[in-house]
Structure formats: C-alpha cells, structure tokens
>>> print(open('coords29.pdb').read())   # PDB, C-alpha atoms and all ligand atoms
ATOM      1  CA  MET A   8       0.000   0.000   0.000  1.00  0.00           C
ATOM      2  CA  ASN A   9       2.704   2.394  -0.970  1.00  0.00           C
ATOM      3  CA  GLU A  10       1.391   5.778  -1.919  1.00  0.00           C
ATOM      4  CA  ALA A  11       4.677   6.249  -3.739  1.00  0.00           C
ATOM      5  CA  GLY A  12       4.179   3.224  -5.962  1.00  0.00           C
ATOM      6  CA  ASP A  13       4.595   5.225  -9.138  1.00  0.00           C
ATOM      7  CA  TRP A  14       7.437   7.223  -7.653  1.00  0.00           C
ATOM      8  CA  GLY A  15       9.935   4.402  -7.171  1.00  0.00           C
ATOM      9  CA  ASP A  16      12.434   5.589  -4.610  1.00  0.00           C
ATOM     10  CA  ASN A  17      11.989   9.179  -5.686  1.00  0.00           C
ATOM     11  CA  PHE A  18      10.187  10.680  -2.744  1.00  0.00           C
ATOM     12  CA  TYR A  19      10.735  12.076   0.713  1.00  0.00           C
ATOM     13  CA  THR A  20       9.246  10.800   3.939  1.00  0.00           C
ATOM     14  CA  CYS A  21       8.259  13.385   6.524  1.00  0.00           C
ATOM     15  CA  MET A  22      10.165  12.871   9.793  1.00  0.00           C
ATOM     16  CA  VAL A  23       7.122  13.892  11.839  1.00  0.00           C
ATOM     17  CA  CYS A  24       3.954  12.507  10.203  1.00  0.00           C
ATOM     18  CA  GLU A  25       5.662   9.947   7.901  1.00  0.00           C
ATOM     19  CA  LYS A  26       3.746  11.197   4.900  1.00  0.00           C
ATOM     20  CA  GLN A  27       5.408  10.457   1.575  1.00  0.00           C
ATOM     21  CA  PHE A  28       5.733  13.456  -0.689  1.00  0.00           C
ATOM     22  CA  ARG A  29       7.770  14.924  -3.527  1.00  0.00           C
ATOM     23  CA  ASN A  30       7.267  18.664  -3.540  1.00  0.00           C
ATOM     24  CA  PRO A  31       7.727  21.115  -1.967  1.00  0.00           C
ATOM     25  CA  LEU A  32      10.308  20.066   0.613  1.00  0.00           C
ATOM     26  CA  PHE A  33      10.615  21.732   4.005  1.00  0.00           C
ATOM     27  CA  GLU A  34      14.061  21.099   5.385  1.00  0.00           C
ATOM     28  CA  ILE A  35      16.385  21.938   8.240  1.00  0.00           C
ATOM     29  CA  ALA A  36      19.968  21.922   7.008  1.00  0.00           C
ATOM     30  CA  ARG A  37      23.287  22.086   8.820  1.00  0.00           C
ATOM     31  CA  GLY A  38      26.559  23.070   7.253  1.00  0.00           C
ATOM     32  CA  TYR A  39      29.271  25.687   7.053  1.00  0.00           C
ATOM     33  CA  GLU A  40      28.843  29.138   5.666  1.00  0.00           C
ATOM     34  CA  ARG A  41      30.286  32.615   5.693  1.00  0.00           C
ATOM     35  CA  THR A  42      29.067  35.997   4.562  1.00  0.00           C
ATOM     36  CA  VAL A  43      31.049  37.866   1.933  1.00  0.00           C
ATOM     37  CA  PHE A  44      30.663  41.634   2.102  1.00  0.00           C
ATOM     38  CA  TYR A  45      31.460  43.736  -0.950  1.00  0.00           C
ATOM     39  CA  CYS A  46      32.300  47.388  -1.421  1.00  0.00           C
ATOM     40  CA  GLY A  47      29.689  49.661  -2.957  1.00  0.00           C
ATOM     41  CA  ASP A  48      26.099  48.671  -3.637  1.00  0.00           C
ATOM     42  CA  ARG A  49      26.592  44.983  -4.198  1.00  0.00           C
ATOM     43  CA  MET A  50      24.531  42.886  -1.790  1.00  0.00           C
ATOM     44  CA  PRO A  51      26.414  40.686   0.675  1.00  0.00           C
ATOM     45  CA  MET A  52      26.403  37.028  -0.267  1.00  0.00           C
ATOM     46  CA  VAL A  53      26.208  33.969   1.963  1.00  0.00           C
ATOM     47  CA  GLU A  54      28.499  31.186   0.804  1.00  0.00           C
ATOM     48  CA  PRO A  55      27.355  27.786   2.085  1.00  0.00           C
ATOM     49  CA  ILE A  56      29.375  24.609   1.775  1.00  0.00           C
ATOM     50  CA  GLU A  57      28.972  21.058   2.974  1.00  0.00           C
ATOM     51  CA  SER A  58      25.344  21.673   3.776  1.00  0.00           C
ATOM     52  CA  GLU A  59      23.317  18.579   4.597  1.00  0.00           C
ATOM     53  CA  GLY A  60      19.659  18.119   5.359  1.00  0.00           C
ATOM     54  CA  VAL A  61      19.120  16.987   8.937  1.00  0.00           C
ATOM     55  CA  GLY A  62      15.341  17.369   8.985  1.00  0.00           C
ATOM     56  CA  THR A  63      12.867  16.499   6.192  1.00  0.00           C
ATOM     57  CA  TYR A  64       9.259  17.641   6.421  1.00  0.00           C
ATOM     58  CA  CYS A  65       6.090  17.731   4.329  1.00  0.00           C
ATOM     59  CA  SER A  66       4.802  21.030   5.735  1.00  0.00           C
ATOM     60  CA  PRO A  67       5.672  24.089   7.847  1.00  0.00           C
ATOM     61  CA  ALA A  68       3.550  22.589  10.661  1.00  0.00           C
ATOM     62  CA  CYS A  69       5.674  19.444  10.795  1.00  0.00           C
ATOM     63  CA  LEU A  70       8.896  21.485  10.647  1.00  0.00           C
ATOM     64  CA  ASN A  71       7.671  23.751  13.462  1.00  0.00           C
ATOM     65  CA  HIS A  72       6.863  20.706  15.536  1.00  0.00           C
ATOM     66  CA  ASP A  73      10.378  19.254  15.180  1.00  0.00           C
ATOM     67  CA  ARG A  74      12.602  22.356  15.068  1.00  0.00           C
ATOM     68  CA  ASN A  75      13.472  22.617  18.756  1.00  0.00           C
ATOM     69  CA  ARG A  76      14.092  18.910  19.172  1.00  0.00           C
ATOM     70  CA  LEU A  77      16.499  18.941  16.258  1.00  0.00           C
ATOM     71  CA  LEU A  78      18.389  22.013  17.458  1.00  0.00           C
ATOM     72  CA  GLU A  79      18.533  20.791  21.057  1.00  0.00           C
ATOM     73  CA  ARG A  80      20.168  17.634  19.814  1.00  0.00           C
ATOM     74  CA  ASP A  81      23.002  19.862  18.557  1.00  0.00           C
ATOM     75  CA  ASN A  82      22.913  21.918  21.752  1.00  0.00           C
ATOM     76  CA  VAL A  83      21.890  25.182  20.097  1.00  0.00           C
ATOM     77  CA  ARG A  84      18.797  27.378  20.273  1.00  0.00           C
ATOM     78  CA  ALA A  85      16.903  29.032  17.432  1.00  0.00           C
ATOM     79  CA  THR A  86      18.168  32.630  17.632  1.00  0.00           C
ATOM     80  CA  TYR A  87      17.457  33.616  14.010  1.00  0.00           C
ATOM     81  CA  PRO A  88      20.780  35.415  13.430  1.00  0.00           C
ATOM     82  CA  GLY A  89      21.270  37.945  10.658  1.00  0.00           C
ATOM     83  CA  ILE A  90      24.056  37.825   8.074  1.00  0.00           C
ATOM     84  CA  GLY A  91      26.629  39.672  10.173  1.00  0.00           C
ATOM     85  CA  PRO A  92      29.305  40.936  10.171  1.00  0.00           C
ATOM     86  CA  ILE A  93      28.958  39.934  13.853  1.00  0.00           C
ATOM     87  CA  GLU A  94      26.169  37.798  15.318  1.00  0.00           C
ATOM     88  CA  SER A  95      25.765  35.997  18.646  1.00  0.00           C
ATOM     89  CA  CYS A  96      26.565  32.331  19.127  1.00  0.00           C
ATOM     90  CA  SER A  97      23.378  30.264  19.460  1.00  0.00           C
ATOM     91  CA  ARG A  98      25.078  28.087  22.083  1.00  0.00           C
ATOM     92  CA  CYS A  99      27.181  30.367  24.313  1.00  0.00           C
ATOM     93  CA  GLY A 100      26.166  33.897  23.255  1.00  0.00           C
ATOM     94  CA  LYS A 101      29.702  34.996  22.345  1.00  0.00           C
ATOM     95  CA  PRO A 102      30.277  36.921  19.095  1.00  0.00           C
ATOM     96  CA  VAL A 103      30.479  35.005  15.820  1.00  0.00           C
ATOM     97  CA  ASP A 104      32.541  36.518  13.005  1.00  0.00           C
ATOM     98  CA  MET A 105      30.187  35.795  10.119  1.00  0.00           C
ATOM     99  CA  THR A 106      32.878  36.569   7.524  1.00  0.00           C
ATOM    100  CA  GLN A 107      34.743  33.419   8.638  1.00  0.00           C
ATOM    101  CA  TYR A 108      33.355  29.959   7.988  1.00  0.00           C
ATOM    102  CA  HIS A 109      31.229  28.809  10.905  1.00  0.00           C
ATOM    103  CA  MET A 110      28.680  26.092  11.491  1.00  0.00           C
ATOM    104  CA  ALA A 111      25.129  27.225  10.743  1.00  0.00           C
ATOM    105  CA  TRP A 112      21.611  25.796  10.783  1.00  0.00           C
ATOM    106  CA  THR A 113      18.987  26.993   8.319  1.00  0.00           C
ATOM    107  CA  GLU A 114      15.418  26.114   7.521  1.00  0.00           C
ATOM    108  CA  GLU A 115      14.381  26.058   3.910  1.00  0.00           C
ATOM    109  CA  LYS A 116      11.484  25.564   1.598  1.00  0.00           C
ATOM    110  CA  LEU A 117      12.663  23.926  -1.597  1.00  0.00           C
ATOM    111  CA  HIS A 118      10.961  23.367  -4.905  1.00  0.00           C
ATOM    112  CA  CYS A 119      11.838  19.873  -6.135  1.00  0.00           C
ATOM    113  CA  GLU A 120      11.594  18.679  -9.690  1.00  0.00           C
ATOM    114  CA  TRP A 121      12.116  14.993  -9.965  1.00  0.00           C
ATOM    115  CA  GLY A 122      13.656  13.384 -12.977  1.00  0.00           C
ATOM    116  CA  ARG A 123      15.168   9.956 -12.908  1.00  0.00           C
ATOM    117  CA  PHE A 124      16.724  11.004  -9.636  1.00  0.00           C
ATOM    118  CA  ILE A 125      16.263  14.473  -8.262  1.00  0.00           C
ATOM    119  CA  ASP A 126      16.710  17.046 -10.997  1.00  0.00           C
ATOM    120  CA  VAL A 127      16.206  20.474  -9.505  1.00  0.00           C
ATOM    121  CA  LEU A 128      16.244  21.652  -5.924  1.00  0.00           C
ATOM    122  CA  GLN A 129      15.410  25.298  -5.961  1.00  0.00           C
ATOM    123  CA  PRO A 130      15.292  27.267  -2.700  1.00  0.00           C
ATOM    124  CA  ILE A 131      12.085  29.267  -2.409  1.00  0.00           C
ATOM    125  CA  PHE A 132      12.699  30.445   1.117  1.00  0.00           C
ATOM    126  CA  VAL A 133      15.750  30.244   3.385  1.00  0.00           C
ATOM    127  CA  GLU A 134      15.960  31.441   6.966  1.00  0.00           C
ATOM    128  CA  SER A 135      18.939  31.281   9.283  1.00  0.00           C
ATOM    129  CA  LEU A 136      18.122  29.481  12.549  1.00  0.00           C
ATOM    130  CA  ALA A 137      21.385  29.311  14.454  1.00  0.00           C
ATOM    131  CA  VAL A 138      25.135  29.883  14.202  1.00  0.00           C
ATOM    132  CA  VAL A 139      27.970  28.896  16.525  1.00  0.00           C
ATOM    133  CA  CYS A 140      31.284  30.539  17.358  1.00  0.00           C
ATOM    134  CA  GLN A 141      34.726  29.090  16.780  1.00  0.00           C
ATOM    135  CA  GLN A 142      35.050  28.205  20.494  1.00  0.00           C
ATOM    136  CA  CYS A 143      31.942  26.036  20.384  1.00  0.00           C
ATOM    137  CA  VAL A 144      32.597  24.404  17.006  1.00  0.00           C
ATOM    138  CA  PRO A 145      36.071  25.158  15.643  1.00  0.00           C
ATOM    139  CA  VAL A 146      36.322  25.087  11.878  1.00  0.00           C
ATOM    140  CA  ALA A 147      39.677  24.665  10.185  1.00  0.00           C
ATOM    141  CA  ASN A 148      39.324  27.510   7.733  1.00  0.00           C
ATOM    142  CA  ALA A 149      42.290  26.523   5.603  1.00  0.00           C
ATOM    143  CA  ALA A 150      40.666  23.186   4.918  1.00  0.00           C
ATOM    144  CA  VAL A 151      37.296  24.783   4.254  1.00  0.00           C
ATOM    145  CA  GLU A 152      38.760  27.267   1.799  1.00  0.00           C
ATOM    146  CA  GLN A 153      39.855  24.383  -0.363  1.00  0.00           C
ATOM    147  CA  LYS A 154      36.333  23.025  -0.192  1.00  0.00           C
ATOM    148  CA  THR A 155      37.630  19.583   0.451  1.00  0.00           C
ATOM    149  CA  SER A 156      35.568  17.052   2.306  1.00  0.00           C
ATOM    150  CA  SER A 157      38.332  16.581   4.866  1.00  0.00           C
ATOM    151  CA  LEU A 158      37.116  19.233   7.265  1.00  0.00           C
ATOM    152  CA  THR A 159      38.508  19.177  10.755  1.00  0.00           C
ATOM    153  CA  VAL A 160      35.614  20.006  12.984  1.00  0.00           C
ATOM    154  CA  ALA A 161      35.010  19.133  16.594  1.00  0.00           C
ATOM    155  CA  ASP A 162      31.966  17.086  17.418  1.00  0.00           C
ATOM    156  CA  VAL A 163      29.013  19.447  17.444  1.00  0.00           C
ATOM    157  CA  ALA A 164      27.067  17.533  20.058  1.00  0.00           C
TER     158      ALA A 164
HETATM  159 ZN    ZN B 201       4.584  15.853   7.871  1.00  0.00          ZN
HETATM  160 ZN    ZN B 202      29.800  29.743  21.183  1.00  0.00          ZN
END
>>> encode(input="coords29.pdb", output="structure tokens")
Amino acid sequence: MNEAGDWGDNFYTCMVCEKQFRNPLFEIARGYERTVFYCGDRMPMVEPIESEGVGTYCSPACLNHDRNRLLERDNVRATYPGIGPIESCSRCGKPVDMTQYHMAWTEEKLHCEWGRFIDVLQPIFVESLAVVCQQCVPVANAAVEQKTSSLTVADVA
C-alpha cells in the first residue's frame, strides 16, 4: 500500500507525520557558511558549503513541531541570526565573526523537480536558525577554503 508506488524511490518521507511526498520540501539543514561583504552597492552574499539536510518535512507545521528537538540535539537554540558581520553564538552567546566559515543551521522551503533522480532543488525560502562561534565548534578555515571534504571540525554535540 505504498502511496509512492509510481514514484519508485523518488520521494521524501516526513520525519514527523511519515507522509510520503515529492514537492515542496521543508528542510532543516546544517553546514558551514560565511558571509562575503562587498564594497559599494553589491549585496552581501552567503556562501554555504557542505550543507546537509538533517530534517525532512512535508509542511511548515511538521517542521515547526520538530525544530526545537532537532536544534537541542546539537545543543543550540533558534536565535534567528542575521548575516553579520557579527552575530551571537546560538550556544554560548559569544560573538560570531560571520565573515569566517562557521557552522550554521537553516530552515528552507525547496521546490523539487524529480527526474530519474532528483533534478532540480530550488530554494524558495531560506531562513537562518542558528550559528555557533569558533570556540563552540572550531572550523579549520584553511581546509574549508579548499572546499575539500576533509574538514577538521570538533563534534558538534
Ligand atoms: Zn509531515
Ligand atoms: Zn559559542
């Protein structure tokens, strides 16, 4: 009795209500990012890397229901930081230099177009939930700059 019979393996399962769905996707993601500020009128840009989905939901209601549990597991609170240049750590409250790579949690609404596998994941809405300082979760910036997968990062738990 698989609702996704025609979908093969190409669907998501909501982590709260276990509904199977394909689009849109509500997600909580964790990864590293920094904000790049430019001179003049150019808008600052957030550069994410190594971002991975840690929460998968069918609706904003399900995401709302699970948000605190997920963040508490990582020992941070939802503080909804801005883009910097300086924000407060969502674990210890100390300043976070947003221009340096730091660990960050975001919640996102994504438009998904499925092909054979997933074809397009287009962010419709992204909001920053939490960031942590280098004392709480050190990030080896040299390694991150090379965008290798061999990041040296302390356990976030
Ligand atoms: Zn759900
Ligand atoms: Zn901290």
>>> residues_near_ligand(input="coords29.pdb", ligand="ligand ZN 202 (chain B)", cutoff="8 Å", atoms="all atoms listed in the file", output="PyMOL selection string")
chain A and resi 95-103+139-144
>>> resolve_selection(input="coords29.pdb", expression="the PyMOL selection byres (((chain A and resi 37-46) around 7) and not hetatm)", output="ChimeraX atom specification")
/A:35-36,47-49,51-61,90,105-113
>>> atom_distance(input="coords29.pdb", atom1="atom CA of A:Gln27", atom2="atom CA of A:Phe132")
21.3 Å
>>> resolve_selection(input="coords29.pdb", expression="the PyMOL selection byres (((not hetatm)) within 12 of (chain B and resi 201))", output="list in words")
Tyr19, Thr20, Cys21, Met22, Val23, Cys24, Glu25, Lys26, Gln27, Phe28, Arg29, Pro31, Leu32, Phe33, Glu34, Gly62, Thr63, Tyr64, Cys65, Ser66, Pro67, Ala68, Cys69, Leu70, Asn71, His72 and Asp73 of chain A
>>> atom_distance(input="coords29.pdb", atom1="atom CA of A:Asn30", atom2="atom CA of A:Leu117")
7.8 Å
>>> atom_distance(input="coords29.pdb", atom1="atom CA of A:Phe18", atom2="atom CA of A:Val127")
13.3 Å
>>> closest_residue(input="coords29.pdb", among="A:His118, A:Val146, A:Ile93, A:Thr86", to="A:Glu134", atoms="only C-alpha atoms")
A:Thr86
>>> closest_residue(input="coords29.pdb", among="A:Leu78, A:Val133, A:Ile125, A:Val138", to="A:Asn17", atoms="all atoms listed in the file")
A:Ile125
>>> closest_residue(input="coords29.pdb", among="A:Ala137, A:Ile131, A:Met50, A:Cys119", to="A:Glu79", atoms="only C-alpha atoms")
A:Ala137
